[in-house]
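Chemist: Next comes coords-v1.txt, compact mmCIF, C-alpha atoms:
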# COMPACT_ATOMS: atom_id res chain seq x y z
CA MET Q 332 83.38 87.44 88.18
CA ARG Q 333 81.50 88.64 85.10
CA THR Q 334 82.81 87.60 81.67
CA SER Q 335 84.34 90.97 80.79
CA LEU Q 336 86.34 91.06 84.03
CA GLN Q 337 87.45 87.47 83.52
CA ALA Q 338 88.80 88.42 80.09
CA ILE Q 339 90.69 91.35 81.64
CA ALA Q 340 92.14 89.09 84.33
CA GLN Q 341 93.30 86.54 81.77
CA LYS Q 342 94.93 89.19 79.62
CA ALA Q 343 96.59 90.80 82.65
CA ALA Q 344 98.02 87.42 83.66
CA SER Q 345 99.35 86.58 80.19
CA GLN Q 346 100.66 90.06 79.27
CA LYS Q 347 102.38 91.59 82.27
CA LYS Q 348 103.17 94.91 80.56
CA TYR Q 349 99.87 95.43 78.78
CA ARG Q 350 98.10 98.76 79.45
CA PHE Q 351 94.32 98.45 79.37
CA ARG Q 352 92.07 100.85 77.50
CA ASN Q 353 88.30 101.43 77.48
CA LEU Q 354 87.89 100.36 81.10
CA PHE Q 355 85.61 103.31 81.77
CA SER Q 356 83.01 101.81 79.42
CA LEU Q 357 82.66 98.81 81.74
CA LEU Q 358 80.90 101.02 84.29
CA ASP Q 359 77.44 100.14 83.03
CA GLU Q 360 74.17 99.43 84.78
CA GLU Q 361 74.77 95.68 84.86
CA LEU Q 362 78.09 95.98 86.74
CA LEU Q 363 76.62 98.51 89.18
CA ARG Q 364 73.68 96.19 89.93
CA GLU Q 365 76.10 93.35 90.62
CA CYS Q 366 78.16 95.56 92.93
CA TRP Q 367 75.07 96.71 94.78
CA ARG Q 368 74.65 93.20 96.19
CA ASP Q 369 77.83 93.74 98.23
CA ILE Q 370 76.85 97.14 99.62
CA ARG Q 371 76.03 96.88 103.32
CA ARG Q 372 72.47 98.00 103.90
CA ASP Q 373 73.25 99.04 107.49
CA ALA Q 374 76.35 101.06 106.61
CA ALA Q 375 76.64 104.66 107.77
CA TYR Q 376 75.43 107.31 105.32
CA GLY Q 377 77.57 110.07 103.83
CA VAL Q 378 77.18 113.84 103.67
CA ASP Q 379 73.96 113.59 101.63
CA ARG Q 380 72.37 111.61 104.50
CA VAL Q 381 70.99 109.05 102.01
CA SER Q 382 71.23 105.57 103.48
CA ALA Q 383 71.66 102.40 101.44
CA LEU Q 384 68.07 101.39 102.21
CA GLU Q 385 66.77 104.72 100.95
CA TYR Q 386 68.93 104.54 97.81
CA GLU Q 387 67.64 101.01 97.17
CA GLN Q 388 64.02 102.09 97.16
CA ASN Q 389 64.56 103.62 93.72
CA LEU Q 390 67.61 101.60 92.74
CA GLU Q 391 67.04 101.17 89.00
CA ALA Q 392 66.40 104.87 88.43
CA ASN Q 393 69.35 105.87 90.60
CA ILE Q 394 71.75 103.55 88.77
CA HIS Q 395 70.46 104.68 85.36
CA ASP Q 396 70.93 108.33 86.31
CA LEU Q 397 74.45 107.63 87.60
CA VAL Q 398 75.48 105.89 84.36
CA GLU Q 399 74.07 108.74 82.27
CA ARG Q 400 76.09 111.29 84.27
CA LEU Q 401 79.21 109.17 83.76
CA LYS Q 402 78.63 109.16 79.99
CA ARG Q 403 78.22 112.96 79.98
CA LYS Q 404 81.24 113.36 82.30
CA SER Q 405 79.01 115.39 84.60
CA TYR Q 406 79.53 113.13 87.60
CA ARG Q 407 80.80 114.96 90.69
CA ALA Q 408 82.18 113.23 93.77
CA LYS Q 409 80.53 114.37 96.99
CA LEU Q 410 82.37 115.39 100.12
CA ILE Q 411 83.55 112.60 102.38
CA ARG Q 412 82.11 112.64 105.89
CA ARG Q 413 84.81 112.15 108.52
CA HIS Q 414 84.16 110.03 111.58
CA TYR Q 415 86.58 109.18 114.38
CA ILE Q 416 86.81 105.84 116.17
CA PRO Q 417 88.92 105.22 119.27
CA LYS Q 418 92.13 103.19 119.03
CA ALA Q 419 93.57 100.89 121.67
CA ASP Q 420 96.21 103.49 122.63
CA GLY Q 421 93.57 106.12 123.37
CA LYS Q 422 94.06 108.03 120.12
CA LEU Q 423 91.41 108.45 117.43
CA ARG Q 424 91.48 106.91 113.97
CA PRO Q 425 89.86 109.04 111.22
CA LEU Q 426 87.52 107.20 108.88
CA GLY Q 427 86.11 108.60 105.67
CA ILE Q 428 82.50 107.74 104.82
CA PRO Q 429 81.57 108.39 101.16
CA ALA Q 430 78.01 108.99 100.00
CA THR Q 431 76.14 105.80 99.08
CA GLU Q 432 76.28 106.55 95.35
CA ASP Q 433 80.03 107.24 95.48
CA LYS Q 434 80.55 104.07 97.50
CA LEU Q 435 78.76 102.01 94.83
CA LEU Q 436 80.75 103.52 91.98
CA GLN Q 437 84.02 103.11 93.87
CA LEU Q 438 83.25 99.44 94.40
CA ALA Q 439 82.68 98.96 90.67
CA VAL Q 440 86.03 100.60 89.82
CA ALA Q 441 87.70 98.54 92.54
CA ARG Q 442 86.40 95.36 90.87
CA ILE Q 443 87.96 96.43 87.57
CA LEU Q 444 91.31 97.25 89.17
CA GLU Q 445 91.29 93.99 91.14
CA ALA Q 446 90.80 92.00 87.92
CA ILE Q 447 94.04 93.54 86.65
CA TYR Q 448 96.21 93.77 89.74
CA GLU Q 449 95.32 90.44 91.31
CA GLN Q 450 97.44 89.00 88.51
CA ASP Q 451 100.36 91.26 89.50
CA PHE Q 452 100.29 91.23 93.31
CA LEU Q 453 102.94 89.05 94.89
CA ARG Q 454 102.29 86.18 97.28
CA CYS Q 455 103.69 88.21 100.18
CA SER Q 456 100.65 90.52 100.07
CA TYR Q 457 97.63 89.41 102.12
CA GLY Q 458 95.57 92.49 102.96
CA TYR Q 459 92.24 93.36 101.30
CA ARG Q 460 92.47 90.57 98.77
CA PRO Q 461 89.99 87.82 97.81
CA ASN Q 462 90.24 84.47 99.62
CA THR Q 463 92.95 85.57 102.01
CA GLY Q 464 93.30 87.63 105.16
CA ALA Q 465 95.14 88.37 108.37
CA ARG Q 466 95.06 84.80 109.69
CA GLU Q 467 96.62 83.53 106.46
CA ALA Q 468 99.39 86.12 106.82
CA VAL Q 469 100.00 85.07 110.44
CA ASP Q 470 100.09 81.38 109.50
CA LYS Q 471 102.44 81.99 106.57
CA LEU Q 472 104.85 84.00 108.73
CA THR Q 473 104.80 81.24 111.34
CA ILE Q 474 105.72 78.61 108.75
CA LYS Q 475 108.48 80.80 107.33
CA LEU Q 476 110.06 81.37 110.75
CA GLN Q 477 109.66 77.76 111.86
CA PHE Q 478 111.18 76.09 108.83
CA GLY Q 479 113.34 78.81 107.27
CA ARG Q 480 116.87 79.87 108.15
CA TYR Q 481 115.86 83.20 109.68
CA ASN Q 482 117.64 84.70 112.68
CA TYR Q 483 116.62 88.38 112.58
CA VAL Q 484 113.33 90.18 112.18
CA ALA Q 485 112.85 93.76 111.01
CA GLU Q 486 109.68 95.37 112.33
CA ALA Q 487 108.70 98.50 110.46
CA ASP Q 488 105.72 100.83 110.65
CA ILE Q 489 104.72 103.52 108.17
CA ARG Q 490 103.58 106.69 109.89
CA GLY Q 491 100.04 107.57 108.81
CA PHE Q 492 100.21 105.65 105.52
CA PHE Q 493 96.62 106.30 104.42
CA ASP Q 494 97.05 110.02 105.07
CA HIS Q 495 100.32 110.43 103.18
CA LEU Q 496 99.83 108.38 100.02
CA ASP Q 497 101.09 110.67 97.25
CA HIS Q 498 98.45 111.36 94.57
CA ALA Q 499 100.90 112.00 91.74
CA TRP Q 500 102.76 108.76 92.40
CA MET Q 501 99.44 106.93 92.71
CA VAL Q 502 98.40 108.02 89.22
CA ARG Q 503 101.81 107.13 87.78
CA MET Q 504 101.54 103.65 89.26
CA LEU Q 505 98.06 103.14 87.85
CA GLU Q 506 99.31 104.25 84.43
CA GLU Q 507 101.66 101.26 84.43
CA ARG Q 508 98.62 99.09 83.68
CA THR Q 509 95.95 101.61 82.69
CA ASP Q 510 95.79 103.63 79.50
CA ASP Q 511 92.33 105.06 80.12
CA ARG Q 512 92.22 108.78 80.86
CA ALA Q 513 88.51 108.68 81.74
CA LEU Q 514 89.02 106.08 84.47
CA LEU Q 515 92.01 107.95 85.89
CA TRP Q 516 89.91 111.15 85.81
CA LEU Q 517 87.30 109.37 87.92
CA ILE Q 518 89.83 108.05 90.43
CA GLY Q 519 91.39 111.50 90.62
CA LYS Q 520 88.03 112.96 91.69
CA TRP Q 521 87.93 110.62 94.68
CA LEU Q 522 91.54 111.33 95.61
CA LYS Q 523 90.87 115.07 95.59
CA ALA Q 524 87.42 114.96 97.17
CA GLY Q 525 87.04 117.30 100.10
CA VAL Q 526 86.52 115.97 103.63
CA LEU Q 527 83.77 117.30 105.89
CA ASP Q 528 85.21 117.16 109.40
CA THR Q 529 83.15 116.73 112.57
CA ASP Q 530 83.49 120.46 113.35
CA GLY Q 531 81.88 121.42 110.03
CA LYS Q 532 85.09 122.49 108.29
CA VAL Q 533 85.83 121.23 104.78
CA LEU Q 534 89.38 119.96 104.33
CA HIS Q 535 91.08 119.51 100.97
CA PRO Q 536 93.93 117.04 101.58
CA GLU Q 537 96.75 117.06 99.05
CA SER Q 538 97.70 113.45 99.80
CA GLY Q 539 96.21 110.25 101.17
CA VAL Q 540 93.11 108.15 100.61
CA PRO Q 541 90.19 108.04 103.06
CA GLN Q 542 90.02 104.89 105.19
CA GLY Q 543 86.50 103.65 104.66
CA GLY Q 544 86.11 104.21 100.93
CA SER Q 545 85.46 101.17 98.71
CA ILE Q 546 88.32 102.14 96.41
CA SER Q 547 90.90 102.73 99.17
CA PRO Q 548 91.96 99.09 99.81
CA VAL Q 549 92.92 98.30 96.21
CA LEU Q 550 94.62 101.69 95.74
CA SER Q 551 96.70 101.21 98.89
CA ASN Q 552 97.67 97.72 97.75
CA VAL Q 553 98.73 99.01 94.34
CA TYR Q 554 100.81 101.73 96.00
CA LEU Q 555 102.66 99.39 98.35
CA HIS Q 556 103.01 96.79 95.59
CA TYR Q 557 105.30 99.17 93.75
CA VAL Q 558 106.84 100.91 96.76
CA LEU Q 559 107.61 97.86 98.89
CA ASP Q 560 106.76 94.43 97.46
CA LEU Q 561 108.48 94.67 94.08
CA TRP Q 562 111.43 96.54 95.56
CA PHE Q 563 111.96 93.85 98.19
CA GLU Q 564 111.63 91.04 95.63
CA ARG Q 565 113.78 92.56 92.87
CA VAL Q 566 116.31 94.68 94.79
CA VAL Q 567 116.56 93.65 98.44
CA LYS Q 568 116.47 89.86 98.17
CA PRO Q 569 119.06 89.53 95.34
CA ARG Q 570 121.51 91.61 97.41
CA CYS Q 571 121.10 89.52 100.57
CA LYS Q 572 123.73 86.93 101.41
CA GLY Q 573 121.18 84.66 103.06
CA GLU Q 574 117.45 84.02 103.08
CA ALA Q 575 115.02 86.94 103.29
CA CYS Q 576 111.24 87.18 103.25
CA LEU Q 577 108.49 89.78 103.49
CA ILE Q 578 104.94 89.25 104.76
CA ARG Q 579 102.59 92.23 104.37
CA TYR Q 580 98.99 92.83 105.36
CA ALA Q 581 97.94 96.26 104.07
CA ASP Q 582 100.47 98.67 105.64
CA ASP Q 583 101.53 96.22 108.39
CA TYR Q 584 104.51 94.10 107.45
CA VAL Q 585 107.40 92.08 108.86
CA CYS Q 586 110.68 91.13 107.18
CA ALA Q 587 112.87 88.22 108.27
CA PHE Q 588 116.56 87.71 107.42
CA GLU Q 589 119.14 85.01 107.89
CA TYR Q 590 122.03 87.41 108.54
CA GLN Q 591 122.14 90.53 110.69
CA GLU Q 592 124.02 92.57 108.10
CA ASP Q 593 121.24 91.98 105.55
CA ALA Q 594 118.63 93.09 108.10
CA LYS Q 595 120.55 96.25 108.96
CA ARG Q 596 121.14 97.09 105.30
CA PHE Q 597 117.43 96.76 104.63
CA TYR Q 598 116.60 98.87 107.69
CA THR Q 599 118.89 101.66 106.45
CA ALA Q 600 117.59 101.60 102.88
CA LEU Q 601 113.90 101.35 103.83
CA GLY Q 602 113.63 104.91 105.14
CA GLN Q 603 115.08 106.35 101.94
CA ARG Q 604 112.81 104.16 99.82
CA LEU Q 605 109.66 105.28 101.60
CA GLN Q 606 110.72 108.94 101.61
CA LYS Q 607 110.96 108.87 97.82
CA PHE Q 608 107.23 108.14 97.67
CA GLY Q 609 106.13 110.63 100.31
CA LEU Q 610 106.06 108.16 103.20
CA GLU Q 611 107.86 108.12 106.53
CA LEU Q 612 108.98 105.45 108.96
CA ALA Q 613 107.66 105.60 112.51
CA ALA Q 614 111.02 105.35 114.26
CA GLU Q 615 109.51 104.35 117.62
CA LYS Q 616 107.88 101.31 116.01
CA THR Q 617 110.75 100.26 113.75
CA ARG Q 618 113.60 98.00 114.86
CA VAL Q 619 115.75 94.98 114.03
CA ILE Q 620 115.65 92.22 116.64
CA PRO Q 621 117.29 88.80 116.96
CA PHE Q 622 114.74 86.02 116.52
CA SER Q 623 116.35 82.61 116.34
CA ARG Q 624 115.90 79.12 117.71
CA HIS Q 625 119.61 79.22 118.60
CA LEU Q 626 119.22 82.17 120.97
CA PRO Q 627 117.72 81.13 124.31
CA GLU Q 628 116.69 84.71 125.12
CA SER Q 629 115.42 85.64 121.70
CA THR Q 630 113.11 88.64 121.82
CA SER Q 631 109.46 88.60 120.82
CA PHE Q 632 107.58 90.79 118.36
CA GLU Q 633 103.96 91.50 117.46
CA PHE Q 634 102.21 91.19 114.14
CA LEU Q 635 98.47 91.49 113.42
CA GLY Q 636 97.45 91.04 117.03
CA PHE Q 637 99.74 88.09 117.81
CA GLU Q 638 102.94 87.94 119.82
CA PHE Q 639 105.59 85.71 118.22
CA ARG Q 640 108.35 84.09 120.30
CA TRP Q 641 110.52 81.00 120.29
CA GLY Q 642 109.72 78.25 122.78
CA ARG Q 643 109.71 74.48 123.07
CA ASP Q 644 107.11 71.96 121.99
CA ARG Q 645 106.14 68.91 124.05
CA SER Q 646 109.13 67.01 122.71
CA GLY Q 647 111.53 69.77 123.75
CA ARG Q 648 112.25 70.91 120.20
CA PRO Q 649 112.38 74.62 119.25
CA HIS Q 650 109.00 75.86 118.13
CA VAL Q 651 107.58 79.25 117.11
CA LYS Q 652 104.79 80.07 119.54
CA ARG Q 653 101.97 82.55 119.10
CA ARG Q 654 99.69 84.10 121.62
CA THR Q 655 97.33 87.04 121.67
CA SER Q 656 99.32 90.22 122.21
CA ARG Q 657 98.71 91.75 125.61
CA LYS Q 658 97.60 95.04 124.06
CA LYS Q 659 95.03 93.34 121.83
CA LEU Q 660 93.80 91.15 124.69
CA ARG Q 661 93.19 94.17 126.91
CA SER Q 662 91.57 96.06 124.05
CA SER Q 663 89.21 93.17 123.24
CA ILE Q 664 88.14 92.81 126.86
CA LYS Q 665 87.56 96.56 127.12
CA ARG Q 666 85.34 96.56 124.03
CA VAL Q 667 83.25 93.66 125.34
CA SER Q 668 82.94 95.42 128.72
CA GLU Q 669 81.63 98.57 127.03
CA TRP Q 670 79.19 96.49 125.00
CA CYS Q 671 77.89 94.72 128.12
CA ARG Q 672 77.38 98.05 129.88
CA GLU Q 673 75.58 99.66 126.95
CA ASN Q 674 73.36 96.62 126.27
CA ARG Q 675 72.53 95.46 129.78
CA HIS Q 676 68.89 96.49 129.21
CA VAL Q 677 68.54 94.14 126.19
CA LYS Q 678 66.60 90.90 126.59
CA VAL Q 679 68.83 88.28 128.25
CA SER Q 680 68.42 85.66 125.52
CA GLU Q 681 69.43 88.22 122.89
CA GLN Q 682 72.43 89.25 124.98
CA PHE Q 683 73.69 85.67 125.12
CA GLU Q 684 73.13 85.24 121.38
CA ARG Q 685 75.17 88.34 120.54
CA LEU Q 686 77.81 87.52 123.14
CA ASN Q 687 78.17 84.08 121.62
CA ALA Q 688 78.77 85.65 118.20
CA LYS Q 689 81.52 87.84 119.68
CA LEU Q 690 83.20 84.85 121.33
CA ARG Q 691 82.97 82.80 118.15
CA GLY Q 692 84.57 85.57 116.11
CA TYR Q 693 87.36 85.92 118.66
CA TYR Q 694 88.10 82.18 118.60
CA ASN Q 695 88.02 82.09 114.80
CA TYR Q 696 90.89 84.58 114.70
CA TYR Q 697 92.92 83.92 117.84
CA GLY Q 698 92.18 80.20 118.15
CA VAL Q 699 95.62 78.96 117.09
CA HIS Q 700 97.68 76.15 118.57
CA GLY Q 701 99.60 77.28 121.62
CA ASN Q 702 97.18 80.10 122.47
CA ALA Q 703 94.90 78.15 124.81
CA ALA Q 704 95.83 80.19 127.90
CA SER Q 705 94.94 83.50 126.25
CA LEU Q 706 91.63 82.13 124.96
CA SER Q 707 90.68 80.85 128.40
CA TYR Q 708 91.68 84.13 130.03
CA PHE Q 709 89.53 86.04 127.56
CA PHE Q 710 86.55 83.73 128.14
CA HIS Q 711 86.73 84.04 131.92
CA ALA Q 712 87.15 87.83 131.78
CA VAL Q 713 84.20 88.23 129.40
CA THR Q 714 81.85 86.01 131.39
CA GLN Q 715 82.71 87.74 134.66
CA ILE Q 716 82.11 91.15 133.09
CA HIS Q 717 78.83 90.00 131.56
CA LEU Q 718 77.65 88.63 134.92
CA LYS Q 719 78.52 91.92 136.60
CA TRP Q 720 76.41 93.97 134.19
CA LEU Q 721 73.54 91.49 134.24
CA ASN Q 722 73.36 92.02 137.99
CA ARG Q 723 73.17 95.77 137.48
CA ARG Q 724 69.94 95.64 135.49
CA GLY Q 725 68.01 96.36 138.68
CA GLN Q 726 68.45 96.93 142.39
CA ARG Q 727 68.55 93.21 143.14
CA LYS Q 728 71.10 90.76 141.75
CA SER Q 729 69.70 88.58 138.99
CA TYR Q 730 72.31 85.80 138.98
CA THR Q 731 74.68 83.95 141.25
CA TRP Q 732 77.82 82.51 139.71
CA ALA Q 733 76.28 79.02 139.83
CA GLY Q 734 73.12 80.26 138.15
CA TYR Q 735 75.11 82.10 135.50
CA LYS Q 736 77.05 78.91 134.69
CA GLU Q 737 73.76 77.14 134.09
CA SER Q 738 72.74 79.95 131.73
CA LEU Q 739 75.96 79.51 129.78
CA LYS Q 740 75.05 75.87 129.25
CA HIS Q 741 71.41 76.66 128.47
CA PHE Q 742 72.29 79.20 125.77
CA HIS Q 743 75.13 77.01 124.42
CA VAL Q 744 77.77 79.69 124.90
CA GLU Q 745 80.94 78.82 123.00
CA LEU Q 746 83.83 77.59 125.13
CA PRO Q 747 87.40 78.43 124.03
CA ARG Q 748 88.49 76.26 121.13
CA ILE Q 749 91.25 75.92 118.58
CA VAL Q 750 90.03 76.62 115.06
CA GLY Q 751 90.47 73.59 112.83
CA ARG Q 752 89.38 71.26 115.60
CA PRO Q 753 85.74 72.30 116.03
CA LYS Q 754 84.80 69.22 118.07
CA MET Q 755 87.66 69.64 120.52
CA ARG Q 756 87.11 72.14 123.30
CA LEU Q 757 89.67 73.28 125.79
CA ALA Q 758 89.11 72.18 129.36
CA THR Q 759 87.83 75.26 131.11
CA THR Q 760 87.31 75.45 134.85
CA MET Q 761 84.63 77.88 135.95
CA ALA Q 762 85.35 78.02 139.64
Could I get this file's structure written as structure tokens?

Modeler:
Amino acid sequence: MRTSLQAIAQKAASQKKYRFRNLFSLLDEELLRECWRDIRRDAAYGVDRVSALEYEQNLEANIHDLVERLKRKSYRAKLIRRHYIPKADGKLRPLGIPATEDKLLQLAVARILEAIYEQDFLRCSYGYRPNTGAREAVDKLTIKLQFGRYNYVAEADIRGFFDHLDHAWMVRMLEERTDDRALLWLIGKWLKAGVLDTDGKVLHPESGVPQGGSISPVLSNVYLHYVLDLWFERVVKPRCKGEACLIRYADDYVCAFEYQEDAKRFYTALGQRLQKFGLELAAEKTRVIPFSRHLPESTSFEFLGFEFRWGRDRSGRPHVKRRTSRKKLRSSIKRVSEWCRENRHVKVSEQFERLNAKLRGYYNYYGVHGNAASLSYFFHAVTQIHLKWLNRRGQRKSYTWAGYKESLKHFHVELPRIVGRPKMRLATTMA
């Protein structure tokens, strides 16, 4: 972190009610150059069809021109290009792709906001933050449930959070720590930027932030920090008769309670709380369930791709167990199958290299203790699918199962493993 941002972070940590001024002046050429290092060169381009590689060819002049337009207040945010990606349930998720220049400037503003709000965010928040992530949220929830006095879990889902984030409330929340009209003017331009849909129509949403923008993660975290995190810490927990905890990753969160009445009271109040800020609960995905070591038929729940349930360890003691959720397992296998089909013409050695990277990434996330069966199932499914598409490269089969097993050894394909024990591999039969 550059010196100026370090000073902001230190002041934000020591003075919790301080409102920062002159933040807009930090958007200079030096900060933009630093931020450019983190711009993906292979990222999709925006409506101006200028890729990161093309922008980089004249980087110094482009950055200088951008800073000059900021000084003159003549900067204009470009339309956001909408792109849809399929979800596991068959629906489509809309993504917003800003122009390369807007993406760079958004990243610089995000760095400034992070320097301030990283000092304010609570420990229950794990999404889109430095040095933490989904696995840390999963591990923390596991520890809480295993060693805490929790007997009930409240699952809650916000319907279309990124599409319904209220702009007026967003600005009011930023004003709690920001007394810089120029910076808020800039953020307002991105919030109000039109969206170019795939059918050519330009939409002007009155709420929400585009998923895909560099500024969206920190803005969504700020919003839910005030809407949910602080409310739970300062209002919900003090009114509970027993223990209560919240673990949140972006807009996915789980709350655990010691007593059922506390869980039900929270469930009732949550809808009203969200409605105040323009949000709505997805009733079909929101429930309170018993989850206790004392209940032999305690129900399971899902969080960030894992299924949580109570079981027994090798000594017969109650133990919180995690495994890949069935929906995520099917979705992961489907994606690999599509990749194998679309890339069956690629050189075999390159296929195995890329397949190995996919397996390694899967193990790095889902390779937790107690999930060996799911890892092995995924490995077997993926290798069988890969063999099938290798044999469809021509009219004659290229591999037998025995020959394919030798190729797995030759290309050092990763076997299922538990992360944290890199030298220990699970016994995997390949019959």

Chemist: Within 6 Å of segment 475-490 of chain Q, counting only C-alpha atoms, which residues show up once you throw out same-chain ones fewer than 5 positions away? Write them as a list in words, please.

Modeler: Val585, Cys586, Ala587, Phe588, Glu589, Glu611, Leu612, Ala613, Lys616, Thr617, Arg618, Val619, Ile620, Pro621, Phe622, Ser623 and Val651 of chain Q

Chemist: When you count all atoms listed in the file, which of these residues is closest to Trp521 of chain Q: Q:Arg460, Q:Arg407, Q:Ala441, Q:Ile474?

Modeler: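 Nearest candidate to Trp521 of chain Q out of Q:Arg460, Q:Arg407, Q:Ala441, Q:Ile474: Q:Arg407.
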
Chemist: Have a look at Q:Val558, Q:Ala408, Q:Ala594, Q:Ile447 and name the one nearest to Trp500 of chain Q; count only C-alpha atoms.

Modeler: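 For Trp500 of chain Q, the nearest of the candidates is Q:Val558.
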
Chemist: Within 10 Å of Trp367 of chain Q, counting all atoms listed in the file, which residues qualify if same-chain residues fewer than 3 places away don't, as a list of chain:residue names?

Modeler: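 Listed by chain and then number, they are Q:Glu361, Q:Leu362, Q:Leu363, Q:Arg364, Q:Ile370, Q:Arg371, Q:Arg372, Q:Ala383, Q:Glu387, Q:Leu390, Q:Ile394, Q:Glu432, Q:Lys434, Q:Leu435, Q:Leu436, Q:Leu438, Q:Ala439.
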
Chemist: Find, counting only C-alpha atoms, the residue in Q:Thr529, Q:Gln450, Q:Asn687, Q:Ser668 that gets nearest to Ala343 of chain Q.

Modeler: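 Answer, going by the shortest atom-to-atom distance: Q:Gln450.
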
Chemist: Please, what distance in Å, to one decimal, runs between atom CA of Gly698 of chain Q and atom CA of Phe634 of chain Q?

Modeler: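 Atom-to-atom, atom CA of Gly698 of chain Q to atom CA of Phe634 of chain Q, that is 15.4 Å.
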
Chemist: Report the distance between atom CA of Lys689 of chain Q and atom CA of Phe710 of chain Q in Å, rounded to one decimal place.

Modeler: 10.7 Å

Chemist: Of the candidates Q:Ala581, Q:Leu453, Q:Ile518, Q:Leu336, which one gets nearest to Asp433 of chain Q if we count only C-alpha atoms?

Modeler: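 Of all the options, Q:Ile518 lies closest to Asp433 of chain Q.
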
Chemist: When you look at Ala513 of chain Q with a cut-off of 10 Å (counting only C-alpha atoms), what residues show up, excluding the ones that are within fewer than 5 positions of it in the same chain? I need them as a ChimeraX atom specification.

Modeler: /Q:352-356,401,404,518-519
